[in-house]
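Peer 1: Structure: target-v8.cif, mmCIF, C-alpha atoms.
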```cif
data_query
#
loop_
_atom_site.group_PDB
_atom_site.id
_atom_site.type_symbol
_atom_site.label_atom_id
_atom_site.label_comp_id
_atom_site.auth_asym_id
_atom_site.auth_seq_id
_atom_site.Cartn_x
_atom_site.Cartn_y
_atom_site.Cartn_z
ATOM 1 C CA MET A 890 99.649 103.860 79.780
ATOM 2 C CA SER A 891 100.928 101.899 82.760
ATOM 3 C CA VAL A 892 99.087 99.391 84.941
ATOM 4 C CA ALA A 893 100.352 101.130 88.100
ATOM 5 C CA GLY A 894 99.053 104.483 86.844
ATOM 6 C CA HIS A 895 95.482 103.240 86.386
ATOM 7 C CA PHE A 896 95.107 100.432 88.923
ATOM 8 C CA GLY A 897 93.254 102.732 91.318
ATOM 9 C CA TYR A 898 90.651 103.574 88.665
ATOM 10 C CA TRP A 899 90.173 99.899 87.779
ATOM 11 C CA ALA A 900 89.718 98.921 91.430
ATOM 12 C CA THR A 901 87.124 101.708 91.681
ATOM 13 C CA VAL A 902 85.313 100.413 88.588
ATOM 14 C CA PHE A 903 85.357 96.856 89.991
ATOM 15 C CA LEU A 904 83.769 97.969 93.291
ATOM 16 C CA MET A 905 81.236 100.066 91.384
ATOM 17 C CA MET A 906 80.225 97.102 89.243
ATOM 18 C CA ALA A 907 80.053 94.798 92.301
ATOM 19 C CA GLY A 908 77.595 97.296 93.811
ATOM 20 C CA LEU A 909 75.586 97.539 90.579
ATOM 21 C CA PHE A 910 75.470 93.733 90.294
ATOM 22 C CA ILE A 911 74.168 93.362 93.858
ATOM 23 C CA VAL A 912 71.512 96.044 93.279
ATOM 24 C CA ILE A 913 70.108 94.548 90.068
ATOM 25 C CA SER A 914 70.580 90.811 90.721
ATOM 26 C CA ARG A 915 69.292 90.482 94.292
ATOM 27 C CA GLY A 916 65.580 90.731 95.054
ATOM 28 C CA ASN A 917 66.018 91.256 98.797
ATOM 29 C CA LEU A 918 65.557 94.953 99.590
ATOM 30 C CA VAL A 919 68.124 95.049 102.441
ATOM 31 C CA LYS A 920 70.671 93.388 100.147
ATOM 32 C CA LYS A 921 69.885 95.978 97.483
ATOM 33 C CA LEU A 922 70.617 98.786 99.960
ATOM 34 C CA VAL A 923 73.948 97.116 100.857
ATOM 35 C CA GLY A 924 74.779 97.047 97.136
ATOM 36 C CA LEU A 925 73.823 100.693 96.870
ATOM 37 C CA SER A 926 76.176 101.646 99.712
ATOM 38 C CA ILE A 927 79.038 99.669 98.095
ATOM 39 C CA PHE A 928 78.384 101.518 94.837
ATOM 40 C CA GLN A 929 78.353 104.767 96.759
ATOM 41 C CA SER A 930 81.648 104.140 98.552
ATOM 42 C CA SER A 931 83.294 103.298 95.226
ATOM 43 C CA VAL A 932 82.473 106.878 94.264
ATOM 44 C CA TYR A 933 84.524 108.029 97.288
ATOM 45 C CA LEU A 934 87.541 106.335 95.700
ATOM 46 C CA LEU A 935 86.697 107.800 92.288
ATOM 47 C CA TYR A 936 87.116 111.261 93.843
ATOM 48 C CA ILE A 937 89.921 110.650 96.366
ATOM 49 C CA VAL A 938 92.303 108.524 94.241
ATOM 50 C CA PRO A 939 93.078 111.247 91.625
ATOM 51 C CA GLY A 940 93.693 113.743 94.460
ATOM 52 C CA LYS A 941 96.513 111.682 96.012
ATOM 53 C CA LEU A 942 100.112 112.707 95.395
ATOM 54 C CA VAL A 943 102.729 110.067 96.236
ATOM 55 C CA GLY A 944 105.168 111.686 98.657
ATOM 56 C CA GLY A 945 102.541 114.248 99.618
ATOM 57 C CA THR A 946 100.928 114.586 103.014
ATOM 58 C CA VAL A 947 97.496 115.183 104.557
ATOM 59 C CA PRO A 948 96.403 118.739 103.626
ATOM 60 C CA ILE A 949 97.042 120.305 107.035
ATOM 61 C CA VAL A 950 99.431 123.216 106.569
ATOM 62 C CA GLY A 951 102.538 122.886 108.720
ATOM 63 C CA GLU A 952 106.181 123.833 108.651
ATOM 64 C CA GLY A 953 108.490 121.445 106.850
ATOM 65 C CA PHE A 954 105.859 120.247 104.347
ATOM 66 C CA THR A 955 105.453 121.544 100.834
ATOM 67 C CA VAL A 956 103.569 118.792 98.964
ATOM 68 C CA TYR A 957 99.957 118.237 100.010
ATOM 69 C CA SER A 958 97.356 115.905 98.543
ATOM 70 C CA ASN A 959 94.370 117.655 96.989
ATOM 71 C CA PRO A 960 91.937 118.807 99.733
ATOM 72 C CA LEU A 961 88.960 119.657 97.473
ATOM 73 C CA PRO A 962 87.786 116.046 96.759
ATOM 74 C CA HIS A 963 88.030 115.365 100.515
ATOM 75 C CA VAL A 964 85.541 118.154 101.193
ATOM 76 C CA LEU A 965 83.109 116.941 98.531
ATOM 77 C CA ILE A 966 83.274 113.341 99.787
ATOM 78 C CA LEU A 967 82.774 114.374 103.427
ATOM 79 C CA THR A 968 79.449 115.818 102.273
ATOM 80 C CA ALA A 969 78.707 112.671 100.238
ATOM 81 C CA ILE A 970 79.274 110.327 103.220
ATOM 82 C CA VAL A 971 76.881 112.241 105.468
ATOM 83 C CA VAL A 972 74.231 112.537 102.749
ATOM 84 C CA GLY A 973 74.754 108.821 102.030
ATOM 85 C CA VAL A 974 73.939 107.751 105.571
ATOM 86 C CA ALA A 975 70.871 110.022 105.548
ATOM 87 C CA THR A 976 69.518 108.399 102.376
ATOM 88 C CA LEU A 977 70.386 104.949 103.754
ATOM 89 C CA ALA A 978 68.332 105.666 106.882
ATOM 90 C CA LEU A 979 65.409 106.776 104.709
ATOM 91 C CA GLY A 980 65.740 103.667 102.518
ATOM 92 C CA LEU A 981 65.769 101.348 105.537
ATOM 93 C CA ALA A 982 62.710 103.131 107.003
ATOM 94 C CA ILE A 983 60.873 102.504 103.717
ATOM 95 C CA VAL A 984 61.949 98.821 103.826
ATOM 96 C CA VAL A 985 60.533 98.530 107.368
ATOM 97 C CA ARG A 986 57.241 100.048 106.184
ATOM 98 C CA ILE A 987 57.097 97.728 103.144
ATOM 99 C CA ARG A 988 57.701 94.729 105.392
ATOM 100 C CA GLU A 989 54.789 95.807 107.576
ATOM 101 C CA ALA A 990 52.422 96.425 104.693
ATOM 102 C CA TYR A 991 53.307 93.284 102.674
ATOM 103 C CA GLY A 992 54.934 90.893 105.160
ATOM 104 C CA THR A 993 57.942 90.356 102.897
ATOM 105 C CA ILE A 994 60.966 92.240 101.569
ATOM 106 C CA GLU A 995 61.628 89.995 98.548
ATOM 107 C CA GLU A 996 60.995 91.829 95.290
ATOM 108 C CA ASP A 997 59.211 89.003 93.421
ATOM 109 C CA ASP A 998 56.893 88.322 96.378
ATOM 110 C CA LEU A 999 56.056 92.040 96.470
ATOM 111 C CA LEU A 1000 55.280 92.079 92.735
ATOM 112 C CA ALA A 1001 53.171 88.931 93.107
ATOM 113 C CA ALA A 1002 51.252 90.529 95.996
ATOM 114 C CA ASP A 1003 50.630 93.637 93.869
ATOM 115 C CA ALA A 1004 49.448 91.499 90.928
ATOM 116 C CA ARG A 1005 47.023 89.645 93.236
ATOM 117 C CA ALA A 1006 45.695 92.965 94.566
ATOM 118 C CA ASP A 1007 44.960 94.125 91.002
ATOM 119 C CA MET B 56 108.124 103.687 97.362
ATOM 120 C CA ILE B 57 106.113 101.538 99.815
ATOM 121 C CA GLU B 58 103.021 103.790 99.546
ATOM 122 C CA THR B 59 101.598 102.623 96.221
ATOM 123 C CA PRO B 60 101.782 98.804 96.765
ATOM 124 C CA GLY B 61 100.146 99.294 100.172
ATOM 125 C CA ILE B 62 97.236 101.183 98.617
ATOM 126 C CA ALA B 63 96.941 98.561 95.865
ATOM 127 C CA ALA B 64 96.807 95.779 98.497
ATOM 128 C CA LEU B 65 93.963 97.605 100.273
ATOM 129 C CA PHE B 66 92.070 97.865 96.964
ATOM 130 C CA VAL B 67 92.433 94.105 96.413
ATOM 131 C CA MET B 68 91.097 93.431 99.928
ATOM 132 C CA LEU B 69 88.146 95.775 99.283
ATOM 133 C CA ALA B 70 87.368 93.904 96.058
ATOM 134 C CA ALA B 71 87.514 90.541 97.888
ATOM 135 C CA VAL B 72 85.079 91.763 100.569
ATOM 136 C CA ALA B 73 82.726 93.152 97.879
ATOM 137 C CA VAL B 74 82.657 89.721 96.182
ATOM 138 C CA ALA B 75 81.997 88.069 99.567
ATOM 139 C CA VAL B 76 79.075 90.480 100.138
ATOM 140 C CA ALA B 77 77.614 89.598 96.728
ATOM 141 C CA ARG B 78 77.849 85.831 97.471
ATOM 142 C CA GLN B 79 76.648 85.886 101.093
ATOM 143 C CA ARG B 80 72.932 85.152 101.545
ATOM 144 C CA ASN B 81 72.640 85.456 105.315
ATOM 145 C CA LEU B 82 71.670 89.102 105.858
ATOM 146 C CA PHE B 83 73.398 89.327 109.246
ATOM 147 C CA GLY B 84 76.611 88.108 107.571
ATOM 148 C CA VAL B 85 76.128 90.693 104.823
ATOM 149 C CA VAL B 86 75.853 93.500 107.387
ATOM 150 C CA VAL B 87 78.988 92.374 109.249
ATOM 151 C CA LEU B 88 80.879 92.156 105.938
ATOM 152 C CA THR B 89 79.665 95.663 105.077
ATOM 153 C CA GLY B 90 81.178 96.879 108.363
ATOM 154 C CA THR B 91 84.483 95.202 107.409
ATOM 155 C CA TYR B 92 84.247 96.830 103.998
ATOM 156 C CA SER B 93 83.743 100.265 105.560
ATOM 157 C CA PHE B 94 86.757 99.859 107.871
ATOM 158 C CA LEU B 95 88.918 98.755 104.926
ATOM 159 C CA MET B 96 87.613 101.754 102.983
ATOM 160 C CA ALA B 97 88.540 104.024 105.911
ATOM 161 C CA THR B 98 92.067 102.542 105.951
ATOM 162 C CA ALA B 99 92.409 103.024 102.192
ATOM 163 C CA LEU B 100 91.221 106.638 102.525
ATOM 164 C CA ALA B 101 93.767 107.254 105.318
ATOM 165 C CA ALA B 102 96.479 105.813 103.053
ATOM 166 C CA LEU B 103 95.293 108.204 100.322
ATOM 167 C CA ASP B 104 95.944 111.197 102.659
ATOM 168 C CA ALA B 105 92.239 111.838 103.238
ATOM 169 C CA ALA B 106 92.392 111.841 107.055
ATOM 170 C CA ASP B 107 89.105 113.695 107.601
ATOM 171 C CA VAL B 108 87.229 111.458 105.165
ATOM 172 C CA ALA B 109 88.747 108.322 106.749
ATOM 173 C CA MET B 110 87.555 109.375 110.204
ATOM 174 C CA THR B 111 84.077 110.162 108.909
ATOM 175 C CA GLU B 112 83.887 106.854 107.033
ATOM 176 C CA ALA B 113 84.996 104.888 110.124
ATOM 177 C CA ALA B 114 82.445 106.666 112.322
ATOM 178 C CA VAL B 115 79.539 106.982 109.893
ATOM 179 C CA GLY B 116 80.111 104.150 107.402
ATOM 180 C CA ALA B 117 81.278 101.444 109.788
ATOM 181 C CA GLY B 118 79.471 102.742 112.879
ATOM 182 C CA ILE B 119 76.132 104.416 112.173
ATOM 183 C CA SER B 120 75.355 102.519 108.935
ATOM 184 C CA THR B 121 75.977 99.145 110.625
ATOM 185 C CA VAL B 122 73.733 100.135 113.547
ATOM 186 C CA LEU B 123 71.022 101.278 111.109
ATOM 187 C CA PHE B 124 71.239 98.000 109.166
ATOM 188 C CA LEU B 125 71.102 95.904 112.348
ATOM 189 C CA GLY B 126 68.137 97.917 113.625
ATOM 190 C CA ALA B 127 66.322 97.444 110.323
ATOM 191 C CA LEU B 128 67.082 93.679 110.322
ATOM 192 C CA ASN B 129 65.640 93.493 113.828
ATOM 193 C CA LEU B 130 62.413 95.169 112.668
ATOM 194 C CA VAL B 131 62.207 93.277 109.383
ATOM 195 C CA GLY B 132 62.920 89.962 111.063
ATOM 196 C CA SER B 133 64.144 88.190 107.930
ATOM 197 C CA LEU B 134 67.688 86.885 107.983
ATOM 198 C CA GLU B 135 68.005 84.977 104.712
ATOM 199 C CA SER B 136 67.698 86.350 101.189
ATOM 200 C CA LYS B 137 66.377 84.173 98.372
ATOM 201 C CA PRO B 138 68.894 82.575 95.999
ATOM 202 C CA MET B 139 69.393 84.384 92.725
ATOM 203 C CA GLU B 140 67.347 83.456 89.702
ATOM 204 C CA ARG B 141 68.931 84.205 86.312
ATOM 205 C CA PRO B 142 72.143 85.846 87.624
ATOM 206 C CA TRP B 143 73.551 85.950 84.089
ATOM 207 C CA ILE B 144 71.732 89.001 82.745
ATOM 208 C CA PRO B 145 72.881 91.317 85.601
ATOM 209 C CA LEU B 146 76.399 89.805 85.447
ATOM 210 C CA VAL B 147 76.745 90.454 81.707
ATOM 211 C CA LEU B 148 75.268 93.943 82.122
ATOM 212 C CA SER B 149 77.712 94.801 84.950
ATOM 213 C CA LEU B 150 80.688 93.403 83.020
ATOM 214 C CA PHE B 151 79.720 95.375 79.906
ATOM 215 C CA THR B 152 79.267 98.623 81.873
ATOM 216 C CA GLY B 153 82.549 97.912 83.691
ATOM 217 C CA MET B 154 84.396 97.482 80.395
ATOM 218 C CA LEU B 155 82.987 100.785 79.126
ATOM 219 C CA LEU B 156 84.148 102.511 82.337
ATOM 220 C CA VAL B 157 87.630 100.923 82.099
ATOM 221 C CA TYR B 158 87.816 102.187 78.510
ATOM 222 C CA GLY B 159 86.884 105.611 79.911
ATOM 223 C CA THR B 160 89.755 105.523 82.437
ATOM 224 C CA TYR B 161 92.258 105.554 79.555
ATOM 225 C CA GLY B 162 91.329 109.198 79.066
ATOM 226 C CA LEU B 163 92.178 110.072 82.677
ATOM 227 C CA PRO B 164 95.585 111.250 83.919
ATOM 228 C CA ALA B 165 97.817 108.632 85.588
ATOM 229 C CA PHE B 166 97.797 108.130 89.369
ATOM 230 C CA SER B 167 99.697 110.812 91.313
ATOM 231 C CA ASP B 168 100.510 112.955 88.272
ATOM 232 C CA PRO B 169 101.307 116.420 89.722
ATOM 233 C CA HIS B 170 100.455 118.095 86.395
ATOM 234 C CA ALA B 171 96.923 116.669 86.243
ATOM 235 C CA PRO B 172 94.249 119.419 85.973
ATOM 236 C CA ILE B 173 92.873 118.477 89.427
ATOM 237 C CA HIS B 174 96.142 119.680 91.017
ATOM 238 C CA THR B 175 96.683 122.824 88.947
ATOM 239 C CA HIS B 176 93.360 124.681 89.283
ATOM 240 C CA VAL B 177 91.711 126.308 92.341
ATOM 241 C CA VAL B 178 93.448 124.077 94.887
ATOM 242 C CA PRO B 179 96.929 125.721 94.814
ATOM 243 C CA ARG B 180 95.256 128.931 95.951
ATOM 244 C CA TYR B 181 93.489 127.172 98.834
ATOM 245 C CA LEU B 182 96.781 125.623 99.932
ATOM 246 C CA GLN B 183 98.753 128.868 99.705
ATOM 247 C CA GLU B 184 96.211 131.388 100.991
ATOM 248 C CA GLY B 185 93.923 129.182 103.107
ATOM 249 C CA LEU B 186 95.811 129.606 106.367
ATOM 250 C CA ALA B 187 96.080 133.390 105.994
ATOM 251 C CA GLU B 188 92.492 133.886 104.836
ATOM 252 C CA THR B 189 90.649 131.617 107.278
ATOM 253 C CA GLY B 190 93.143 131.016 110.094
ATOM 254 C CA VAL B 191 92.571 127.247 109.940
ATOM 255 C CA PRO B 192 95.652 125.101 109.187
ATOM 256 C CA ASN B 193 93.484 122.140 108.118
ATOM 257 C CA ILE B 194 92.591 123.120 104.552
ATOM 258 C CA VAL B 195 89.742 120.574 104.384
ATOM 259 C CA THR B 196 88.044 122.343 107.299
ATOM 260 C CA ALA B 197 88.779 125.740 105.777
ATOM 261 C CA VAL B 198 87.155 124.781 102.457
ATOM 262 C CA LEU B 199 84.241 122.971 104.122
ATOM 263 C CA ALA B 200 83.291 125.723 106.537
ATOM 264 C CA SER B 201 84.442 128.836 104.710
ATOM 265 C CA TYR B 202 85.067 128.681 100.949
ATOM 266 C CA ARG B 203 82.280 126.176 100.232
ATOM 267 C CA GLY B 204 80.112 126.848 103.277
ATOM 268 C CA TYR B 205 76.934 126.825 101.154
ATOM 269 C CA ASP B 206 77.595 123.166 100.257
ATOM 270 C CA THR B 207 77.539 122.334 103.934
ATOM 271 C CA LEU B 208 74.291 124.277 104.333
ATOM 272 C CA GLY B 209 72.808 122.243 101.463
ATOM 273 C CA GLU B 210 74.048 119.040 103.098
ATOM 274 C CA THR B 211 72.342 119.985 106.351
ATOM 275 C CA THR B 212 69.116 120.562 104.412
ATOM 276 C CA VAL B 213 69.348 117.076 102.872
ATOM 277 C CA VAL B 214 70.003 115.429 106.256
ATOM 278 C CA PHE B 215 67.090 117.404 107.793
ATOM 279 C CA THR B 216 64.734 116.340 104.992
ATOM 280 C CA ALA B 217 65.814 112.688 105.324
ATOM 281 C CA GLY B 218 65.256 112.920 109.089
ATOM 282 C CA ILE B 219 61.717 114.231 108.558
ATOM 283 C CA GLY B 220 61.102 111.387 106.099
ATOM 284 C CA VAL B 221 62.285 108.713 108.548
ATOM 285 C CA ILE B 222 60.212 110.161 111.397
ATOM 286 C CA THR B 223 57.094 110.377 109.198
ATOM 287 C CA LEU B 224 57.480 106.772 108.009
ATOM 288 C CA LEU B 225 58.167 105.276 111.427
ATOM 289 C CA ARG B 226 55.555 107.370 113.283
ATOM 290 C CA ARG B 227 52.730 106.039 111.120
ATOM 291 C CA ARG B 228 53.943 102.630 112.131
ATOM 292 C CA ARG B 229 53.787 103.351 115.857
ATOM 293 C CA LYS B 230 50.294 104.870 115.576
ATOM 294 C CA LYS B 231 49.035 101.798 113.790
ATOM 295 C CA LYS B 232 50.504 99.566 116.488
ATOM 296 C CA GLU B 233 48.782 101.610 119.217
ATOM 297 C CA GLU B 234 45.456 101.397 117.399
ATOM 298 C CA GLY B 235 45.897 97.677 116.909
ATOM 299 C CA GLY B 236 46.711 97.206 120.598
ATOM 300 C CA SER B 237 43.676 99.135 121.893
#
```
Please express what this file holds, its structure, as structure tokens.
Peer 2:
Amino acid sequence: MSVAGHFGYWATVFLMMAGLFIVISRGNLVKKLVGLSIFQSSVYLLYIVPGKLVGGTVPIVGEGFTVYSNPLPHVLILTAIVVGVATLALGLAIVVRIREAYGTIEEDDLLAADARAD
Amino acid sequence: MIETPGIAALFVMLAAVAVAVARQRNLFGVVVLTGTYSFLMATALAALDAADVAMTEAAVGAGISTVLFLGALNLVGSLESKPMERPWIPLVLSLFTGMLLVYGTYGLPAFSDPHAPIHTHVVPRYLQEGLAETGVPNIVTAVLASYRGYDTLGETTVVFTAGIGVITLLRRRRKKKEEGGS
């Protein structure tokens, strides 16, 4: 069990936890969405890092190359990036609507406004 | 081997930017830092031989996402988030979850192990037969458009649905504004 062999996983876990921390500790909805996208991009690393082969090359078949990094995670993450930006756009549209309905995007102010309405 | 220390350095920079994002309270600053983060992520992905993913991340993550965030900030009109109350509970929770995940990584194969299951199943066939079967030298494209074409169809469905959602949400807004104006 070497540090070099698992450093990539630990960096991924650190980014993931930074994203989780931002999502649950910050009440501002835009900040929460930023945390969510950091969490999401840590998942890119979770998939891409195990697919890398040191000494390998980009998986485009050409003469003179025999070792290629794993192309399958790349395909899955391409899909994830595009879906990620779609959900981000939807999330931001909801934030804009919430701001118009409540006049704030801070979570505790929103909860207070809801409590007053009840 | 220069490759591995370079990748490790990029990971450290990514971690530093993530911490800066968590500490920054000015939302405009947060969005700019997120753009930096995405470009660093694109560089790290290029270093990890994921050229297609790196290009997509640079275009979509650093480009479109930043534009979306800036547009939303313009509409929301608030540039400062409140300071954290009780940051300790989320911090302890994240650290605990992180430790569990690090414990989990001890069950995973080491970095760049050619005998790891990820490199020995399915993919060797794509690499050997992909060019002959699809005629595309870029195996990522071959898998995306041919072998796993249904995934891409599903992705398009998700993007379409999200687009409908955004239009529905923002159209109600415009209608209201027109009514309010007249």
Peer 1: Could you state which residues are captured by the PyMOL selection byres ((chain A) within 7 of (chain B)) in this file, as a PDB file with C-alpha atoms, keeping the file's coordinate frame?
Peer 2:
```
ATOM      1  CA  GLY A 894      99.053 104.483  86.844  1.00  0.00           C
ATOM      2  CA  HIS A 895      95.482 103.240  86.386  1.00  0.00           C
ATOM      3  CA  TYR A 898      90.651 103.574  88.665  1.00  0.00           C
ATOM      4  CA  TRP A 899      90.173  99.899  87.779  1.00  0.00           C
ATOM      5  CA  ALA A 900      89.718  98.921  91.430  1.00  0.00           C
ATOM      6  CA  VAL A 902      85.313 100.413  88.588  1.00  0.00           C
ATOM      7  CA  PHE A 903      85.357  96.856  89.991  1.00  0.00           C
ATOM      8  CA  LEU A 904      83.769  97.969  93.291  1.00  0.00           C
ATOM      9  CA  MET A 906      80.225  97.102  89.243  1.00  0.00           C
ATOM     10  CA  ALA A 907      80.053  94.798  92.301  1.00  0.00           C
ATOM     11  CA  LEU A 909      75.586  97.539  90.579  1.00  0.00           C
ATOM     12  CA  PHE A 910      75.470  93.733  90.294  1.00  0.00           C
ATOM     13  CA  ILE A 911      74.168  93.362  93.858  1.00  0.00           C
ATOM     14  CA  ILE A 913      70.108  94.548  90.068  1.00  0.00           C
ATOM     15  CA  SER A 914      70.580  90.811  90.721  1.00  0.00           C
ATOM     16  CA  ARG A 915      69.292  90.482  94.292  1.00  0.00           C
ATOM     17  CA  ASN A 917      66.018  91.256  98.797  1.00  0.00           C
ATOM     18  CA  VAL A 938      92.303 108.524  94.241  1.00  0.00           C
ATOM     19  CA  PRO A 939      93.078 111.247  91.625  1.00  0.00           C
ATOM     20  CA  GLY A 940      93.693 113.743  94.460  1.00  0.00           C
ATOM     21  CA  LYS A 941      96.513 111.682  96.012  1.00  0.00           C
ATOM     22  CA  LEU A 942     100.112 112.707  95.395  1.00  0.00           C
ATOM     23  CA  VAL A 943     102.729 110.067  96.236  1.00  0.00           C
ATOM     24  CA  THR A 946     100.928 114.586 103.014  1.00  0.00           C
ATOM     25  CA  VAL A 947      97.496 115.183 104.557  1.00  0.00           C
ATOM     26  CA  PRO A 948      96.403 118.739 103.626  1.00  0.00           C
ATOM     27  CA  ILE A 949      97.042 120.305 107.035  1.00  0.00           C
ATOM     28  CA  VAL A 950      99.431 123.216 106.569  1.00  0.00           C
ATOM     29  CA  SER A 958      97.356 115.905  98.543  1.00  0.00           C
ATOM     30  CA  ASN A 959      94.370 117.655  96.989  1.00  0.00           C
ATOM     31  CA  PRO A 960      91.937 118.807  99.733  1.00  0.00           C
ATOM     32  CA  LEU A 961      88.960 119.657  97.473  1.00  0.00           C
ATOM     33  CA  HIS A 963      88.030 115.365 100.515  1.00  0.00           C
ATOM     34  CA  VAL A 964      85.541 118.154 101.193  1.00  0.00           C
ATOM     35  CA  ILE A 966      83.274 113.341  99.787  1.00  0.00           C
ATOM     36  CA  LEU A 967      82.774 114.374 103.427  1.00  0.00           C
ATOM     37  CA  THR A 968      79.449 115.818 102.273  1.00  0.00           C
ATOM     38  CA  ILE A 970      79.274 110.327 103.220  1.00  0.00           C
ATOM     39  CA  VAL A 972      74.231 112.537 102.749  1.00  0.00           C
ATOM     40  CA  VAL A 974      73.939 107.751 105.571  1.00  0.00           C
ATOM     41  CA  ALA A 975      70.871 110.022 105.548  1.00  0.00           C
ATOM     42  CA  THR A 976      69.518 108.399 102.376  1.00  0.00           C
ATOM     43  CA  ALA A 978      68.332 105.666 106.882  1.00  0.00           C
ATOM     44  CA  LEU A 979      65.409 106.776 104.709  1.00  0.00           C
ATOM     45  CA  LEU A 981      65.769 101.348 105.537  1.00  0.00           C
ATOM     46  CA  ALA A 982      62.710 103.131 107.003  1.00  0.00           C
ATOM     47  CA  ILE A 983      60.873 102.504 103.717  1.00  0.00           C
ATOM     48  CA  VAL A 985      60.533  98.530 107.368  1.00  0.00           C
ATOM     49  CA  ARG A 986      57.241 100.048 106.184  1.00  0.00           C
ATOM     50  CA  ARG A 988      57.701  94.729 105.392  1.00  0.00           C
TER      51      ARG A 988
END
```
Peer 1: Would you compute the distance between atom CA of A:Leu918 and atom CA of A:Asp998? Give it in Å to one decimal.
Peer 2: 11.4 Å
Peer 1: Which of these residues is nearest to A:Leu934, using only C-alpha atoms: B:Ala97, B:Val122, B:Phe83, B:Gly90?
Peer 2: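 Under the stated criterion, the closest residue is B:Ala97.
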Peer 1: Find the distance between atom CA of A:Tyr991 and atom CA of A:Gln929 and write it in Å to one decimal.
Peer 2: 28.2 Å
Peer 1: Generate a file for stretch 958-973 of chain A, containing N, CA and C atoms, as a JSON list (two decimals), in the first residue's frame.
Peer 2:
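Output saved as part_32.json:
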```json
[["chain", "number", "residue", "atom", "x", "y", "z"],
["A", 958, "SER", "N", -4.50, 4.56, -22.49],
["A", 958, "SER", "CA", -5.30, 4.66, -21.27],
["A", 958, "SER", "C", -6.72, 4.22, -21.59],
["A", 959, "ASN", "N", -7.46, 3.87, -20.51],
["A", 959, "ASN", "CA", -8.76, 3.24, -20.66],
["A", 959, "ASN", "C", -9.80, 4.23, -21.23],
["A", 960, "PRO", "N", -10.38, 3.96, -22.41],
["A", 960, "PRO", "CA", -11.31, 4.93, -22.99],
["A", 960, "PRO", "C", -12.72, 4.91, -22.38],
["A", 961, "LEU", "N", -13.10, 3.80, -21.73],
["A", 961, "LEU", "CA", -14.50, 3.67, -21.28],
["A", 961, "LEU", "C", -14.90, 4.72, -20.24],
["A", 962, "PRO", "N", -14.07, 4.97, -19.18],
["A", 962, "PRO", "CA", -14.44, 6.04, -18.23],
["A", 962, "PRO", "C", -14.57, 7.39, -18.92],
["A", 963, "HIS", "N", -13.76, 7.65, -19.95],
["A", 963, "HIS", "CA", -13.82, 8.93, -20.65],
["A", 963, "HIS", "C", -15.21, 9.13, -21.26],
["A", 964, "VAL", "N", -15.73, 8.05, -21.85],
["A", 964, "VAL", "CA", -17.06, 8.13, -22.47],
["A", 964, "VAL", "C", -18.12, 8.44, -21.42],
["A", 965, "LEU", "N", -18.05, 7.70, -20.28],
["A", 965, "LEU", "CA", -19.07, 7.88, -19.25],
["A", 965, "LEU", "C", -19.02, 9.30, -18.71],
["A", 966, "ILE", "N", -17.80, 9.85, -18.54],
["A", 966, "ILE", "CA", -17.66, 11.18, -17.93],
["A", 966, "ILE", "C", -18.04, 12.28, -18.92],
["A", 967, "LEU", "N", -17.83, 12.03, -20.22],
["A", 967, "LEU", "CA", -18.31, 13.00, -21.22],
["A", 967, "LEU", "C", -19.81, 13.21, -21.04],
["A", 968, "THR", "N", -20.53, 12.09, -20.88],
["A", 968, "THR", "CA", -21.97, 12.16, -20.65],
["A", 968, "THR", "C", -22.26, 12.91, -19.35],
["A", 969, "ALA", "N", -21.47, 12.59, -18.29],
["A", 969, "ALA", "CA", -21.72, 13.21, -16.98],
["A", 969, "ALA", "C", -21.53, 14.72, -17.03],
["A", 970, "ILE", "N", -20.53, 15.21, -17.77],
["A", 970, "ILE", "CA", -20.28, 16.66, -17.83],
["A", 970, "ILE", "C", -21.47, 17.37, -18.45],
["A", 971, "VAL", "N", -21.97, 16.82, -19.57],
["A", 971, "VAL", "CA", -23.06, 17.47, -20.28],
["A", 971, "VAL", "C", -24.33, 17.45, -19.43],
["A", 972, "VAL", "N", -24.61, 16.29, -18.81],
["A", 972, "VAL", "CA", -25.78, 16.20, -17.94],
["A", 972, "VAL", "C", -25.61, 17.16, -16.75],
["A", 973, "GLY", "N", -24.37, 17.28, -16.26],
["A", 973, "GLY", "CA", -24.09, 18.17, -15.13],
["A", 973, "GLY", "C", -24.44, 19.60, -15.44]]
```
